[in-house]
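Chemist: Quick one: this structure, given as structure tokens, is what I'll be asking you about.
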Amino acid sequence: MTAELARAGGPLAAVGLGVLLAATRRELRLAGLAAWALGCAALAFYLAPHGHRPLLAAGAVAGLVLAAAGAALLLRWPWLFAFAALACVPARIAVKVGSTDANLLVPMYGVIAAAALALTWQLVRGDERVRELGPLSLPLAAFVSWSGLSLAWSQDLRQGAIELLAFYLPFGVLAVALARLPWRRDWLGALWALLAGMAVVFAVIGVYQYETRDIFWNPKVRISNAYAPFYRVNSVFWDPSIYGRFLVVAILVSLVLVVHGAARRVAIAAAAAIVVAWAGLVLSFSQSSFVALVVGVGLIAWFAWGRRTLALLGVIALVVVAAALAMPSVRHHSLNSASGGRFKLVKNGIAIAAHHPVQGVGIGGFKKAYAKRTGLKGKEPKAAASHDTPVTVAAETGLIGLGLFAWLLVGGLLLAFRSVAPTFAGRVALTSGVVLAAIGVHSLFYNAFFEDPVVWGVLGLAPLAAAALARERVSEPRSRAAAPQPATVAARQGDRSQAEAG
């Protein structure tokens, strides 16, 4: 019974979120928000441990009361949402969902619940704003809806329900809530200060871990460090690759300020943050993070210096290739061994997608489909975990899902990079595009694109910056027309001189 409830609740919530994103009438958006809430409740009921459901229900009621109090704060100070969400990015808590162990962003869900209640209140009170994500509204609505619908035929209902309830459904509301924030330059600057400060603190913690050989959690990292020729750190994050990616995001945002004309004291502070974050990134030994950083730096340099960047990028590419070929793991082992088994995962993932070309195996079904294809045993075969987002999307949601994903990603990059300009809003747009591109590259080697709230935050901030830049461009001709022209000013001064002489 609960399985059928989940197979109906997942699509209901996803389609409701799609309506919230794309509808142009307030009544439809309210209906979509209600469907989203009901579907989320159905998925939560399905995933809740059977023996603890009364206790969890009481906890949900208490959480709803706290979320209502948070909503009242957000209605008065909207930008609290952005700061609270950013502060919760590393706060993953280990929870047991039935027989599955997961590290979920539990504090983040409380912040998003408060934002959802605040949004509901605004819509009930007559807020007529629609499609806050601009040109990203339709592709994101279509992708989320199709992914949710695929739960109806998923080969792994439990994992698919976790994917929807823990990432797609809450983070979609996160993007909408960020896109609805009032444009404030000072608050955006403070948000960067928080990001840079967090990166510095996390990097210092990483250096401490390296010096003391003390990993706070994740026993897998401890075991791998015992046999690896280098010592990886994870700071306050569960996984060193996620830690490295967070530092890459902070470095790239700070680098935009250094290269693209921020005030001198801000540029100095940003440069200092880059140096400290770089030290932490090195000790993460996250190869995928370094590749993402190279791509991000290349984009920033391109928008600063244009074609003169090509020579620099060529030199970087040659150095990277030479360094890779010099590694024993590349020279003496197969491509699959050199990539840590990722090549085999990608090859078999493409084969799964080819065997289910239209609708895929359903969201969350990659691991079971991979294990079935390769003969892996066990209920949760770790060797079947995907490491490539596009391949996972193609395998789980078919060519339809892959096409919608490409539409969303390309649309997000075009929206951001077309809005680049020598203004504050232009720098925010550039930052959004660079971060989205870097995480997209990272997801080619580490499958956590839609599981990262930073991605959804960028999908919300890019339309916000584009709208602000559009307002600036509209106001510029008006201000120029209203300002006195030099010839007019001279004529007025001449008339005044003649009057005084008379």
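Residue names in the structure tokens use chain letters A, B, ... in the order shown, residue numbers from 1 in each chain, and ligand numbers from 1 in the order shown.
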Would you list the contacts of Ala465 of chain A as a PyMOL selection string, taking every protein, DNA or RNA residue within 8 Å and counting only C-alpha atoms, but skipping same-chain residues closer than 2 positions in sequence?

Modeler: chain A and resi 183+419+425-426+428-429+461-463+467-469

Chemist: Please dump the current selection as an mmCIF file, in the first residue's frame; keep all heavy atoms.

Modeler:
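Once everything was written out, this is selection36.cif:
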data_model
loop_
_atom_site.group_PDB
_atom_site.id
_atom_site.type_symbol
_atom_site.label_atom_id
_atom_site.label_comp_id
_atom_site.auth_asym_id
_atom_site.auth_seq_id
_atom_site.Cartn_x
_atom_site.Cartn_y
_atom_site.Cartn_z
ATOM 1 N N TRP A 183 16.372 42.680 -5.125
ATOM 2 C CA TRP A 183 17.768 42.888 -5.522
ATOM 3 C C TRP A 183 18.428 43.885 -4.578
ATOM 4 O O TRP A 183 18.022 45.040 -4.498
ATOM 5 C CB TRP A 183 17.834 43.391 -6.958
ATOM 6 C CG TRP A 183 19.224 43.651 -7.449
ATOM 7 C CD1 TRP A 183 19.844 44.853 -7.565
ATOM 8 C CD2 TRP A 183 20.167 42.667 -7.882
ATOM 9 N NE1 TRP A 183 21.114 44.693 -8.046
ATOM 10 C CE2 TRP A 183 21.344 43.363 -8.252
ATOM 11 C CE3 TRP A 183 20.134 41.282 -8.002
ATOM 12 C CZ2 TRP A 183 22.469 42.706 -8.735
ATOM 13 C CZ3 TRP A 183 21.261 40.619 -8.480
ATOM 14 C CH2 TRP A 183 22.404 41.330 -8.841
ATOM 15 N N SER A 419 24.275 37.927 -19.782
ATOM 16 C CA SER A 419 24.037 39.047 -18.877
ATOM 17 C C SER A 419 25.323 39.645 -18.321
ATOM 18 O O SER A 419 25.272 40.533 -17.469
ATOM 19 C CB SER A 419 23.129 38.596 -17.717
ATOM 20 O OG SER A 419 21.904 38.072 -18.196
ATOM 21 N N ALA A 425 25.625 43.837 -11.272
ATOM 22 C CA ALA A 425 24.729 42.777 -11.726
ATOM 23 C C ALA A 425 25.409 41.893 -12.755
ATOM 24 O O ALA A 425 25.204 40.668 -12.775
ATOM 25 C CB ALA A 425 23.451 43.381 -12.306
ATOM 26 N N GLY A 426 26.229 42.476 -13.627
ATOM 27 C CA GLY A 426 26.961 41.694 -14.614
ATOM 28 C C GLY A 426 27.954 40.751 -13.976
ATOM 29 O O GLY A 426 28.145 39.615 -14.438
ATOM 30 N N VAL A 428 27.650 39.450 -10.939
ATOM 31 C CA VAL A 428 26.859 38.373 -10.325
ATOM 32 C C VAL A 428 26.444 37.356 -11.388
ATOM 33 O O VAL A 428 26.490 36.138 -11.157
ATOM 34 C CB VAL A 428 25.620 38.947 -9.610
ATOM 35 C CG1 VAL A 428 24.729 37.829 -9.086
ATOM 36 C CG2 VAL A 428 26.048 39.846 -8.454
ATOM 37 N N ALA A 429 26.053 37.832 -12.558
ATOM 38 C CA ALA A 429 25.685 36.922 -13.646
ATOM 39 C C ALA A 429 26.878 36.074 -14.076
ATOM 40 O O ALA A 429 26.752 34.864 -14.282
ATOM 41 C CB ALA A 429 25.150 37.727 -14.832
ATOM 42 N N LEU A 461 19.793 32.552 -8.639
ATOM 43 C CA LEU A 461 20.487 33.845 -8.662
ATOM 44 C C LEU A 461 20.721 34.359 -10.079
ATOM 45 O O LEU A 461 20.734 35.570 -10.303
ATOM 46 C CB LEU A 461 21.829 33.725 -7.933
ATOM 47 C CG LEU A 461 21.766 33.624 -6.412
ATOM 48 C CD1 LEU A 461 23.155 33.466 -5.829
ATOM 49 C CD2 LEU A 461 21.086 34.862 -5.828
ATOM 50 N N ALA A 462 20.920 33.464 -11.038
ATOM 51 C CA ALA A 462 21.167 33.910 -12.421
ATOM 52 C C ALA A 462 19.991 34.714 -12.971
ATOM 53 O O ALA A 462 20.184 35.800 -13.539
ATOM 54 C CB ALA A 462 21.481 32.713 -13.314
ATOM 55 N N PRO A 463 18.734 34.261 -12.842
ATOM 56 C CA PRO A 463 17.610 35.102 -13.302
ATOM 57 C C PRO A 463 17.476 36.392 -12.502
ATOM 58 O O PRO A 463 17.084 37.427 -13.060
ATOM 59 C CB PRO A 463 16.388 34.209 -13.094
ATOM 60 C CG PRO A 463 16.915 32.821 -13.023
ATOM 61 C CD PRO A 463 18.264 32.935 -12.404
ATOM 62 N N ALA A 467 17.548 39.949 -14.396
ATOM 63 C CA ALA A 467 16.459 40.924 -14.270
ATOM 64 C C ALA A 467 16.984 42.270 -13.783
ATOM 65 O O ALA A 467 16.554 43.330 -14.255
ATOM 66 C CB ALA A 467 15.396 40.394 -13.303
ATOM 67 N N ALA A 468 17.931 42.245 -12.844
ATOM 68 C CA ALA A 468 18.512 43.497 -12.351
ATOM 69 C C ALA A 468 19.265 44.220 -13.459
ATOM 70 O O ALA A 468 19.178 45.451 -13.595
ATOM 71 C CB ALA A 468 19.441 43.218 -11.172
ATOM 72 N N LEU A 469 20.008 43.471 -14.273
ATOM 73 C CA LEU A 469 20.746 44.086 -15.378
ATOM 74 C C LEU A 469 19.788 44.663 -16.413
ATOM 75 O O LEU A 469 20.037 45.744 -16.974
ATOM 76 C CB LEU A 469 21.662 43.049 -16.026
ATOM 77 C CG LEU A 469 22.599 43.567 -17.117
ATOM 78 C CD1 LEU A 469 23.578 44.588 -16.544
ATOM 79 C CD2 LEU A 469 23.371 42.412 -17.748
#

Chemist: May I have the residues within 9 Å of Leu30 of chain A as a PyMOL selection string, using only C-alpha atoms and disregarding those fewer than 5 positions away in the same chain?

Modeler: chain A and resi 19-20+25+35+120+123-124

Chemist: Take the residues just selected and output them with N, CA, C and O atoms as a PDB file, in the first residue's frame.

Modeler:
ATOM      1  N   VAL A  19       4.294  22.979 -11.919  1.00  0.00           N
ATOM      2  CA  VAL A  19       3.250  24.000 -12.058  1.00  0.00           C
ATOM      3  C   VAL A  19       3.649  25.271 -11.323  1.00  0.00           C
ATOM      4  O   VAL A  19       3.460  26.396 -11.828  1.00  0.00           O
ATOM      5  N   LEU A  20       4.208  25.132 -10.134  1.00  0.00           N
ATOM      6  CA  LEU A  20       4.672  26.304  -9.383  1.00  0.00           C
ATOM      7  C   LEU A  20       5.713  27.083 -10.175  1.00  0.00           C
ATOM      8  O   LEU A  20       5.727  28.327 -10.168  1.00  0.00           O
ATOM      9  N   ARG A  25      -0.708  31.862 -13.538  1.00  0.00           N
ATOM     10  CA  ARG A  25      -1.846  32.307 -12.734  1.00  0.00           C
ATOM     11  C   ARG A  25      -1.597  31.953 -11.277  1.00  0.00           C
ATOM     12  O   ARG A  25      -1.095  30.864 -10.963  1.00  0.00           O
ATOM     13  N   ALA A  35      -0.084  20.538  -4.191  1.00  0.00           N
ATOM     14  CA  ALA A  35       0.261  19.210  -4.699  1.00  0.00           C
ATOM     15  C   ALA A  35       1.680  18.830  -4.292  1.00  0.00           C
ATOM     16  O   ALA A  35       1.957  17.667  -3.939  1.00  0.00           O
ATOM     17  N   THR A 120       3.709  30.498   0.350  1.00  0.00           N
ATOM     18  CA  THR A 120       2.268  30.239   0.384  1.00  0.00           C
ATOM     19  C   THR A 120       1.503  31.451   0.897  1.00  0.00           C
ATOM     20  O   THR A 120       0.463  31.845   0.333  1.00  0.00           O
ATOM     21  N   LEU A 123       1.366  34.167  -1.777  1.00  0.00           N
ATOM     22  CA  LEU A 123       0.420  33.868  -2.854  1.00  0.00           C
ATOM     23  C   LEU A 123      -1.024  34.017  -2.389  1.00  0.00           C
ATOM     24  O   LEU A 123      -1.871  34.529  -3.129  1.00  0.00           O
ATOM     25  N   VAL A 124      -1.305  33.578  -1.179  1.00  0.00           N
ATOM     26  CA  VAL A 124      -2.661  33.723  -0.651  1.00  0.00           C
ATOM     27  C   VAL A 124      -3.033  35.194  -0.519  1.00  0.00           C
ATOM     28  O   VAL A 124      -4.174  35.592  -0.765  1.00  0.00           O
TER      29      VAL A 124
END

Chemist: Give the alpha helix (DSSP H) residues of segment 165-410 of chain A, as assigned by DSSP on the backbone, as a PyMOL selection string.

Modeler: chain A and resi 169-179+185-212+219-227+240-259+264-284+287-305+309-326+328-331+335-338+342-355+366-374+389-410

Chemist: Find the residues around segment 100-114 of chain A up to 10 Å (only C-alpha atoms counted), leave out those fewer than 6 positions away in its own chain, and share them as a PyMOL selection string.

Modeler: chain A and resi 37+47+63-75+80-82+84-94+120+158-159+162+165-167+170-175+177+238+379-380+451-453

Chemist: Those selected residues, please, written with C-alpha atoms and delivered as a PDB file, in the first residue's frame.

Modeler:
ATOM      1  CA  ALA A  37       3.266  19.454  -0.162  1.00  0.00           C
ATOM      2  CA  LEU A  47      10.262   6.313   3.713  1.00  0.00           C
ATOM      3  CA  GLY A  63       9.028  21.183  12.803  1.00  0.00           C
ATOM      4  CA  LEU A  64       6.011  22.756  11.142  1.00  0.00           C
ATOM      5  CA  VAL A  65       5.601  25.132  14.093  1.00  0.00           C
ATOM      6  CA  LEU A  66       9.276  26.111  13.857  1.00  0.00           C
ATOM      7  CA  ALA A  67       8.948  26.527  10.096  1.00  0.00           C
ATOM      8  CA  ALA A  68       6.000  28.868  10.631  1.00  0.00           C
ATOM      9  CA  ALA A  69       8.115  30.978  12.975  1.00  0.00           C
ATOM     10  CA  GLY A  70      10.901  30.969  10.390  1.00  0.00           C
ATOM     11  CA  ALA A  71       8.446  32.004   7.684  1.00  0.00           C
ATOM     12  CA  ALA A  72       7.447  35.035   9.748  1.00  0.00           C
ATOM     13  CA  LEU A  73      11.113  36.050   9.936  1.00  0.00           C
ATOM     14  CA  LEU A  74      11.600  35.553   6.203  1.00  0.00           C
ATOM     15  CA  LEU A  75       8.565  37.682   5.376  1.00  0.00           C
ATOM     16  CA  LEU A  80      17.784  35.754   5.837  1.00  0.00           C
ATOM     17  CA  PHE A  81      16.802  32.850   3.611  1.00  0.00           C
ATOM     18  CA  ALA A  82      19.903  33.131   1.418  1.00  0.00           C
ATOM     19  CA  ALA A  84      20.578  30.479   6.269  1.00  0.00           C
ATOM     20  CA  ALA A  85      20.599  28.283   3.162  1.00  0.00           C
ATOM     21  CA  LEU A  86      24.291  28.939   2.497  1.00  0.00           C
ATOM     22  CA  ALA A  87      25.187  28.246   6.118  1.00  0.00           C
ATOM     23  CA  CYS A  88      23.401  24.873   5.880  1.00  0.00           C
ATOM     24  CA  VAL A  89      25.220  23.692   2.729  1.00  0.00           C
ATOM     25  CA  PRO A  90      27.827  21.557   4.563  1.00  0.00           C
ATOM     26  CA  ALA A  91      25.443  20.381   7.315  1.00  0.00           C
ATOM     27  CA  ARG A  92      24.787  16.800   6.223  1.00  0.00           C
ATOM     28  CA  ILE A  93      23.449  14.537   8.957  1.00  0.00           C
ATOM     29  CA  ALA A  94      23.601  10.748   8.822  1.00  0.00           C
ATOM     30  CA  THR A 120       2.268  30.239   0.384  1.00  0.00           C
ATOM     31  CA  ARG A 158      13.111   3.549  -2.332  1.00  0.00           C
ATOM     32  CA  GLN A 159      16.198   5.184  -3.822  1.00  0.00           C
ATOM     33  CA  ILE A 162      14.937   9.500  -1.529  1.00  0.00           C
ATOM     34  CA  LEU A 165      12.246  13.984  -1.417  1.00  0.00           C
ATOM     35  CA  ALA A 166      15.805  14.879  -0.378  1.00  0.00           C
ATOM     36  CA  PHE A 167      16.957  16.853  -3.420  1.00  0.00           C
ATOM     37  CA  PRO A 170      13.011  20.847  -1.743  1.00  0.00           C
ATOM     38  CA  PHE A 171      15.742  22.383  -3.880  1.00  0.00           C
ATOM     39  CA  GLY A 172      13.248  23.427  -6.534  1.00  0.00           C
ATOM     40  CA  VAL A 173      11.557  25.591  -3.910  1.00  0.00           C
ATOM     41  CA  LEU A 174      15.021  26.845  -2.913  1.00  0.00           C
ATOM     42  CA  ALA A 175      15.598  28.151  -6.450  1.00  0.00           C
ATOM     43  CA  ALA A 177      12.673  31.491  -3.151  1.00  0.00           C
ATOM     44  CA  TRP A 238      31.383  13.900   4.457  1.00  0.00           C
ATOM     45  CA  LYS A 379      21.244  -5.420  -1.728  1.00  0.00           C
ATOM     46  CA  GLU A 380      23.253  -2.169  -2.012  1.00  0.00           C
ATOM     47  CA  GLU A 451      22.103  16.797  -5.145  1.00  0.00           C
ATOM     48  CA  ASP A 452      24.093  20.007  -4.607  1.00  0.00           C
ATOM     49  CA  PRO A 453      22.002  22.944  -3.300  1.00  0.00           C
TER      50      PRO A 453
END

Chemist: Let me make sure I understand: among A:Gly401, A:Gly126, A:Gly134, A:Gly433, which one has the smallest atom-to-atom distance to Leu252 of chain A if we use only C-alpha atoms?

Modeler: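 Among A:Gly401, A:Gly126, A:Gly134, A:Gly433, it is A:Gly433 that comes nearest to Leu252 of chain A.
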
Chemist: So that I can see what lies close to Ala273 of chain A, please list as a ChimeraX atom specification the residues with an atom at most 9 Å from it, counting only C-alpha atoms and leaving out residues fewer than 6 positions away in the same chain.

Modeler: /A:196-197,199-200,250-251,254

Chemist: Those selected residues, please, written with N, CA, C and O atoms and delivered as an mmCIF file, in the first residue's frame.

Modeler:
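And here is the file that came out, again-v7.cif:
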data_model
loop_
_atom_site.group_PDB
_atom_site.id
_atom_site.type_symbol
_atom_site.label_atom_id
_atom_site.label_comp_id
_atom_site.auth_asym_id
_atom_site.auth_seq_id
_atom_site.Cartn_x
_atom_site.Cartn_y
_atom_site.Cartn_z
ATOM 1 N N ALA A 196 33.064 33.243 1.499
ATOM 2 C CA ALA A 196 34.524 33.275 1.626
ATOM 3 C C ALA A 196 34.954 32.920 3.042
ATOM 4 O O ALA A 196 35.931 32.178 3.245
ATOM 5 N N GLY A 197 34.237 33.438 4.046
ATOM 6 C CA GLY A 197 34.575 33.124 5.426
ATOM 7 C C GLY A 197 34.416 31.642 5.725
ATOM 8 O O GLY A 197 35.265 31.037 6.401
ATOM 9 N N ALA A 199 34.664 29.202 3.551
ATOM 10 C CA ALA A 199 35.735 28.494 2.855
ATOM 11 C C ALA A 199 37.048 28.583 3.618
ATOM 12 O O ALA A 199 37.795 27.592 3.726
ATOM 13 N N VAL A 200 37.349 29.748 4.163
ATOM 14 C CA VAL A 200 38.585 29.917 4.929
ATOM 15 C C VAL A 200 38.571 29.030 6.167
ATOM 16 O O VAL A 200 39.548 28.325 6.475
ATOM 17 N N ALA A 250 33.990 28.766 -3.905
ATOM 18 C CA ALA A 250 34.427 29.962 -3.189
ATOM 19 C C ALA A 250 35.591 30.644 -3.901
ATOM 20 O O ALA A 250 35.650 31.888 -3.989
ATOM 21 N N ILE A 251 36.534 29.858 -4.427
ATOM 22 C CA ILE A 251 37.679 30.431 -5.142
ATOM 23 C C ILE A 251 37.214 31.167 -6.398
ATOM 24 O O ILE A 251 37.663 32.291 -6.684
ATOM 25 N N SER A 254 35.402 34.444 -5.608
ATOM 26 C CA SER A 254 36.377 35.451 -5.176
ATOM 27 C C SER A 254 37.232 35.925 -6.332
ATOM 28 O O SER A 254 37.583 37.116 -6.421
#

Chemist: Please determine, counting only C-alpha atoms, which residue among A:Ala262, A:Val207, A:Leu119, A:Val458 has the shortest atom-to-atom distance to Val249 of chain A.

Modeler: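 Of A:Ala262, A:Val207, A:Leu119, A:Val458, the one nearest Val249 of chain A, counting only C-alpha atoms, is A:Val458.
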
Chemist: Nearest to Leu138 of chain A: which of A:Leu21, A:Val315, A:Ala42, A:Leu157 is it, counting only C-alpha atoms?

Modeler: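 The answer is A:Leu21, which sits nearest to Leu138 of chain A.
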